[in-house]
Amino acid sequence: MRGYRAGRLPGRQDWSSWPHYQAAAAGFRGYWYPVCFSSQVGEKPRPVTLLGERLFVIRDRGRVYGMRDRCPHRGVPLSHGDKQFPGTISCVYHGWTFDLETGVLKAAITDGPGSPICGKVTQPTYDVEERLGLVWVYVGDGERPHPIDEQLPEELVGNPAVVGQRIQARAGNWRFACENGYDEGHAKYLHRTALWRLFKPMPVWNTTSIVRRGRWIYRVQREQFWEADFPGLGRWSGTAWYKARPPRTVQNIGNTASHRRVNPTIAAQEFPGFASVGMPGVLRIVYPTFIHYEFYVPVDAENHLYVGMLADFSRGVRALPFYAKYLGAVRWLFHGQFSGQDKWMVEVTDAPPEKLYRPDDSLLRWRKLAEDTTEERLERLRAGNTD
Amino acid sequence: MRGYRAGRLPGRQDWSSWPHYQAAAAGFRGYWYPVCFSSQVGEKPRPVTLLGERLFVIRDRGRVYGMRDRCPHRGVPLSHGDKQFPGTISCVYHGWTFDLETGVLKAAITDGPGSPICGKVTQPTYDVEERLGLVWVYVGDGERPHPIDEQLPEELVGNPAVVGQRIQARAGNWRFACENGYDEGHAKYLHRTALWRLFKPMPVWNTTSIVRRGRWIYRVQREQFWEADFPGLGRWSGTAWYKARPPRTVQNIGNTASHRRVNPTIAAQEFPGFASVGMPGVLRIVYPTFIHYEFYVPVDAENHLYVGMLADFSRGVRALPFYAKYLGAVRWLFHGQFSGQDKWMVEVTDAPPEKLYRPDDSLLRWRKLAEDTTEERLERLRAGNTD
Amino acid sequence: MRGYRAGRLPGRQDWSSWPHYQAAAAGFRGYWYPVCFSSQVGEKPRPVTLLGERLFVIRDRGRVYGMRDRCPHRGVPLSHGDKQFPGTISCVYHGWTFDLETGVLKAAITDGPGSPICGKVTQPTYDVEERLGLVWVYVGDGERPHPIDEQLPEELVGNPAVVGQRIQARAGNWRFACENGYDEGHAKYLHRTALWRLFKPMPVWNTTSIVRRGRWIYRVQREQFWEADFPGLGRWSGTAWYKARPPRTVQNIGNTASHRRVNPTIAAQEFPGFASVGMPGVLRIVYPTFIHYEFYVPVDAENHLYVGMLADFSRGVRALPFYAKYLGAVRWLFHGQFSGQDKWMVEVTDAPPEKLYRPDDSLLRWRKLAEDTTEERLERLRAGNTD
């Protein structure tokens, strides 16, 4: 931040200060990514593009498998085929039949049972897990994947939660989506017109600190200003007669009310209500009675998948109001129109070049987190931990 | 023409004889261009692409301003934003607020009144004028623009005229549009099927001279031939029983009738009725009772804006028949179906390579005018006349 | 095949073993290609793209001519023009008029009868023939074309045949279409679901030999297997209770019945019923009572024309059942839905890289035929046989 205050920050023309981040146009390798709802994966192959790779997922005897979606014979997508034998996928063109678990070519039907090519071809497979009603796929570089539970937000592991989710294919690079999500500055201005904020005052500006704790960086509001006089221009306000009164103490998102309904074991409790972001592009915002997540899943360098999720840790009958609230309002106003404003911005953002300003400290810290974490991963890979 | 008669003209394979012209695929810099009707520019920004540059125009307290349409912060189009304070535009994303006159960043709303970035960023602006019901934008290289009245056709400056106009976005390079407009050869053949010419005879061929006077080159018809016998092929005629009789004297466009209703002060009077073309791509054809103009505005290397204009210099109640004639016929037949044949040709023209023939002298002279004029401008710029 | 059994065949990553074939993405030069039905060519020019070249065909006094479809003057397609004089085409833009037979510029109408450019410009022409109700165009390298009858399937020359035809523009490279057509492996698997095969059993696999005779290579089935047990997977069968019983002797396509109705003079009789393929991409399959052909015509590197043809050599009243059968069934089931499965595969095939298996011997032999034939042609051209 010293550099910025000295005036160096504005005018940044490229991202070469963060070489790993700059190179990750199609996403960071070495992570689990949600690709669709569990309910969307059945006995027919479902094609998926993830980090620029074409694969398919398919369910067999309850479990979901992932495999590269290109038959090595003649390049036809295997997802056009189907299961001819349990535990396998057969290419629609000539009946090449691969084992879903190992990828080994078990039969080339049209060459008979003694086909000499059997066992000599192995199709790349992907590790797949199911969590929170979603199918997650690991994209790496040949190393053994870390357990998915080490990557999920801590409070979602082992705590029964009820969730409301929305998945939407969106245009634009995943980094713009992630930066937009964690961006401290835009929420107060762009989203002031969202129906979701219609009756809620918005500060004009804040002072903010970014704090790293473990895998996450948290955004802590220090001061909030609900009105401001801009020299030579005039007064500008985030309040209105039809909006609620601004609170008298500093507002971190969500701590306007008690947290009694948020499960006390969640790891985020150290900074209740603060927005946090972690690798490989996950936003977490703790509200008084629920937690909101956004996963920005790289499809390729030009497209991403928006996975929005609201989690409530109430149990049993207490979860019913959550569903009512989610389906009655949150899904349409927050995961819908409000998030649609972000979708719009991500489509039209075009950087670098860029000129950053003070609130963009949140972006710089996120890029640094991505850079440092990736450097650590690559060091581990270089050290040979690839089995 | 000598070179041509000696057989050198046909077979020209490239445009390297006119290096400035060849380089001007996206238009010539250093000119005013009409971009839309004045009535189309209000308090909301209107995006415009001109010579490949993205800008927006906006009206503020009566005057129209132009500014580059890319927020330097994160690359979002400023035309998605609006006015938060008079005389400014604010980016929809984070409320960066630029002065329309100077381009200076006056406020970054979401960083509060004391944002240190204010005054440190200046957005490029464009000079804008309004004339003849159109908004004109100057695209240059940093030099001070010449007065627009020095560039408009002389007769349109200071003479009250009533105008009928049509603006149409068209595919194809602006040079093909301009060359088509001034092309001596195609009118008699391509347009012989236009409704606009239904009852008028068309010559089969002419002999023509091109004469330069000041900023314009004029096309002077020397001889007109209404029928011809083509050796080995047969007779071909531009007349028909249902068409008017061809005149007995040589016809330059428009001088079939008296010029009494054309304002006697117009500069074009030296060559009444002759087709002329000038930089940066303006066609002028004087008819007995009005003047027709076409402005070929480069959008980018693949697209242009056709701005057709009919001007009548009658005053007061005498202008009424002009409106009746324009709205009742000219707009649909001449600016519509007739000009649509040109649009079609511009879309499918694909040169170089090209093989030119005798009537293409008009093209060569236009290219030379563009080349010489541009060389003079660049010399002025090199001489330091850039304040 | 030895190489294959030793394991060398799988894993082939490119087509550089067949350099002529690899280079022929847009087709092989030096052949006649069918481009449309004769009935589609009248007095108006019809644009055609063939081997990436744009041309047009037009009928004049009964005969069909072909010419490059780009006016050398300014690049406008001549196919936008029409005939102003018999035996010529005139460009719509300026009336440049070319002789259809020689390509010589006979007139530039808008420059009058004495235009000095006449006779100085010659537009490239194409040799065109009509056979079997189709228009055929020769694309070469300046050499004199061989007679089309030397290229047509032998049995179609001099033998009156009744034909049913279907022409369809299809996406995908012509080589994938041709390889798909001759591919021994896919028919039994991909097409087992076609309505055309609904009541006919399909073998699971065959053993096959490829035999070259003259310009053609023939596929000879040695053994057929109607069921198979795949180790570790299970039983797979090409039969079903609702299908006909498999024959007891080896089935080459079409020899299930007598050949009495196939004209005894046909050259294919040495291998009745066998599938054969020849240059420049023609498939021939002899059925008991008719012969089926597919011509894979290269439009450009990404598109081809599928020309499917059924020929019956019955004469007179005996031909009537053929028309009934073709229009009542073959056209919709075989040239329609069955062939539509091939269309689908050609669109999604993406090779190289490829891993070939035993039945792909048919592909290798076809590629070798194309390679050897092309080498011979180029040697002839080098030897100067280009008049």
# chains A, B, ... in the order shown; residues from 1 in each chain; ligands from 1

call {"tool": "interface_residues", "arguments": {"of": "chain B", "to": "chain A", "cutoff": "9 Å", "atoms": "only C-alpha atoms", "output": "count of residues only"}}
result
30

call {"tool": "select_by_dssp", "arguments": {"residues": "stretch 47-230 of chain A", "states": "alpha helix (DSSP H)", "output": "list of chain:residue names"}}
result
A:Trp174, A:Arg175, A:Phe176, A:Ala177, A:Cys178, A:Glu179, A:Asn180, A:Gly181, A:Tyr182, A:His186, A:Ala187, A:Lys188, A:Tyr189, A:Leu190

call {"tool": "residues_around", "arguments": {"residues": "A:Ala26", "least_positions_apart": "6", "cutoff": "10 Å", "atoms": "only C-alpha atoms", "output": "PyMOL selection string"}}
result
chain A and resi 50-53+173-175+297-304

call {"tool": "closest_residue", "arguments": {"among": "B:Thr374, B:Ser17, B:Ser339, B:Ser79", "to": "B:Glu43", "atoms": "only C-alpha atoms"}}
result
B:Ser79

call {"tool": "select_by_dssp", "arguments": {"residues": "stretch 259-370 of chain B", "states": "strand (DSSP E or B)", "output": "VMD selection string"}}
result
chain B and resid 275 to 278 282 to 286 291 to 300 303 to 312

call {"tool": "residues_around", "arguments": {"residues": "stretch 238-252 of chain A", "least_positions_apart": "6", "cutoff": "7 Å", "atoms": "only C-alpha atoms", "output": "PyMOL selection string"}}
result
chain A and resi 198-204+220-224+226-227+273-274

call {"tool": "write_last_selection", "arguments": {"atoms": "N, CA, C and O atoms", "output": "short mmCIF file (atom, residue, chain, number, x, y, z; two decimals), in the first residue's frame"}}
result
data_model
loop_
_atom_site.label_atom_id
_atom_site.label_comp_id
_atom_site.auth_asym_id
_atom_site.auth_seq_id
_atom_site.Cartn_x
_atom_site.Cartn_y
_atom_site.Cartn_z
N LEU A 198 -33.09 -2.35 -2.29
CA LEU A 198 -34.02 -1.22 -2.46
C LEU A 198 -34.27 -0.48 -1.16
O LEU A 198 -34.26 0.76 -1.12
N PHE A 199 -34.45 -1.21 -0.10
CA PHE A 199 -34.80 -0.55 1.17
C PHE A 199 -33.62 -0.46 2.12
O PHE A 199 -33.78 -0.13 3.29
N LYS A 200 -32.45 -0.81 1.65
CA LYS A 200 -31.27 -0.81 2.52
C LYS A 200 -30.35 0.32 2.12
O LYS A 200 -30.04 0.49 0.94
N PRO A 201 -29.88 1.11 3.05
CA PRO A 201 -28.94 2.17 2.71
C PRO A 201 -27.60 1.55 2.29
O PRO A 201 -27.27 0.44 2.68
N MET A 202 -26.87 2.28 1.46
CA MET A 202 -25.54 1.83 1.04
C MET A 202 -24.55 2.93 1.40
O MET A 202 -24.82 4.11 1.13
N PRO A 203 -23.43 2.57 1.98
CA PRO A 203 -22.44 3.63 2.23
C PRO A 203 -21.91 4.18 0.91
O PRO A 203 -21.90 3.48 -0.10
N VAL A 204 -21.49 5.46 0.92
CA VAL A 204 -20.84 6.04 -0.25
C VAL A 204 -19.44 5.47 -0.39
O VAL A 204 -18.99 5.09 -1.45
N VAL A 220 -12.12 -6.24 6.12
CA VAL A 220 -12.65 -5.68 7.37
C VAL A 220 -12.96 -4.21 7.15
O VAL A 220 -12.06 -3.43 6.80
N GLN A 221 -14.20 -3.83 7.32
CA GLN A 221 -14.57 -2.42 7.19
C GLN A 221 -14.11 -1.67 8.45
O GLN A 221 -14.39 -2.09 9.56
N ARG A 222 -13.42 -0.56 8.26
CA ARG A 222 -12.99 0.24 9.41
C ARG A 222 -13.94 1.39 9.66
O ARG A 222 -14.35 1.65 10.77
N GLU A 223 -14.27 2.14 8.63
CA GLU A 223 -15.19 3.27 8.76
C GLU A 223 -16.16 3.21 7.61
O GLU A 223 -15.82 2.75 6.52
N GLN A 224 -17.35 3.74 7.84
CA GLN A 224 -18.35 3.81 6.77
C GLN A 224 -18.90 5.22 6.68
O GLN A 224 -19.18 5.85 7.71
N TRP A 226 -21.90 7.47 4.89
CA TRP A 226 -23.20 7.31 4.23
C TRP A 226 -23.53 8.47 3.30
O TRP A 226 -24.44 8.38 2.49
N GLU A 227 -22.81 9.54 3.47
CA GLU A 227 -22.99 10.69 2.59
C GLU A 227 -21.62 11.33 2.39
O GLU A 227 -20.71 11.15 3.20
N GLY A 273 -19.26 -12.07 9.41
CA GLY A 273 -19.86 -11.08 8.53
C GLY A 273 -18.91 -10.49 7.53
O GLY A 273 -19.30 -9.71 6.68
N PHE A 274 -17.66 -10.87 7.61
CA PHE A 274 -16.71 -10.27 6.68
C PHE A 274 -16.70 -11.04 5.37
O PHE A 274 -16.88 -12.25 5.35
#

call {"tool": "atom_distance", "arguments": {"atom1": "atom CA of A:Val307", "atom2": "atom CA of A:Glu294"}}
result
5.6 Å

call {"tool": "closest_residue", "arguments": {"among": "B:Gln168, B:Thr125, B:Ser16, B:Gln40", "to": "B:Glu101", "atoms": "only C-alpha atoms"}}
result
B:Thr125

call {"tool": "decode", "arguments": {"residues": "stretch 363-378 of chain A", "atoms": "N, CA and C atoms", "output": "PDB file, in the first residue's frame"}}
result
ATOM      1  N   LEU A 363      -8.317  -6.249  -4.560  1.00  0.00           N
ATOM      2  CA  LEU A 363      -7.904  -7.013  -5.745  1.00  0.00           C
ATOM      3  C   LEU A 363      -6.436  -7.403  -5.658  1.00  0.00           C
ATOM      4  N   LEU A 364      -5.612  -6.442  -5.222  1.00  0.00           N
ATOM      5  CA  LEU A 364      -4.174  -6.714  -5.170  1.00  0.00           C
ATOM      6  C   LEU A 364      -3.884  -7.842  -4.175  1.00  0.00           C
ATOM      7  N   ARG A 365      -4.593  -7.814  -3.055  1.00  0.00           N
ATOM      8  CA  ARG A 365      -4.351  -8.851  -2.056  1.00  0.00           C
ATOM      9  C   ARG A 365      -4.821 -10.219  -2.551  1.00  0.00           C
ATOM     10  N   TRP A 366      -5.907 -10.246  -3.276  1.00  0.00           N
ATOM     11  CA  TRP A 366      -6.381 -11.505  -3.863  1.00  0.00           C
ATOM     12  C   TRP A 366      -5.379 -12.028  -4.886  1.00  0.00           C
ATOM     13  N   ARG A 367      -4.875 -11.141  -5.725  1.00  0.00           N
ATOM     14  CA  ARG A 367      -3.893 -11.597  -6.720  1.00  0.00           C
ATOM     15  C   ARG A 367      -2.636 -12.116  -6.035  1.00  0.00           C
ATOM     16  N   LYS A 368      -2.253 -11.446  -4.953  1.00  0.00           N
ATOM     17  CA  LYS A 368      -1.063 -11.901  -4.223  1.00  0.00           C
ATOM     18  C   LYS A 368      -1.307 -13.266  -3.589  1.00  0.00           C
ATOM     19  N   LEU A 369      -2.504 -13.453  -3.026  1.00  0.00           N
ATOM     20  CA  LEU A 369      -2.846 -14.756  -2.454  1.00  0.00           C
ATOM     21  C   LEU A 369      -2.742 -15.843  -3.523  1.00  0.00           C
ATOM     22  N   ALA A 370      -3.314 -15.572  -4.706  1.00  0.00           N
ATOM     23  CA  ALA A 370      -3.263 -16.543  -5.798  1.00  0.00           C
ATOM     24  C   ALA A 370      -1.812 -16.807  -6.209  1.00  0.00           C
ATOM     25  N   GLU A 371      -1.037 -15.745  -6.269  1.00  0.00           N
ATOM     26  CA  GLU A 371       0.351 -15.870  -6.701  1.00  0.00           C
ATOM     27  C   GLU A 371       1.162 -16.706  -5.709  1.00  0.00           C
ATOM     28  N   ASP A 372       1.035 -16.357  -4.420  1.00  0.00           N
ATOM     29  CA  ASP A 372       1.811 -17.055  -3.396  1.00  0.00           C
ATOM     30  C   ASP A 372       1.385 -18.513  -3.291  1.00  0.00           C
ATOM     31  N   THR A 373       0.079 -18.745  -3.308  1.00  0.00           N
ATOM     32  CA  THR A 373      -0.415 -20.115  -3.175  1.00  0.00           C
ATOM     33  C   THR A 373       0.054 -20.968  -4.346  1.00  0.00           C
ATOM     34  N   THR A 374       0.051 -20.399  -5.528  1.00  0.00           N
ATOM     35  CA  THR A 374       0.480 -21.152  -6.709  1.00  0.00           C
ATOM     36  C   THR A 374       1.969 -21.440  -6.656  1.00  0.00           C
ATOM     37  N   GLU A 375       2.740 -20.455  -6.206  1.00  0.00           N
ATOM     38  CA  GLU A 375       4.172 -20.680  -6.080  1.00  0.00           C
ATOM     39  C   GLU A 375       4.451 -21.831  -5.121  1.00  0.00           C
ATOM     40  N   GLU A 376       3.704 -21.874  -4.025  1.00  0.00           N
ATOM     41  CA  GLU A 376       3.881 -22.975  -3.053  1.00  0.00           C
ATOM     42  C   GLU A 376       3.519 -24.314  -3.683  1.00  0.00           C
ATOM     43  N   ARG A 377       2.424 -24.326  -4.437  1.00  0.00           N
ATOM     44  CA  ARG A 377       2.025 -25.591  -5.080  1.00  0.00           C
ATOM     45  C   ARG A 377       3.096 -26.063  -6.064  1.00  0.00           C
ATOM     46  N   LEU A 378       3.596 -25.147  -6.853  1.00  0.00           N
ATOM     47  CA  LEU A 378       4.588 -25.542  -7.860  1.00  0.00           C
ATOM     48  C   LEU A 378       5.862 -26.032  -7.183  1.00  0.00           C
TER      49      LEU A 378
END
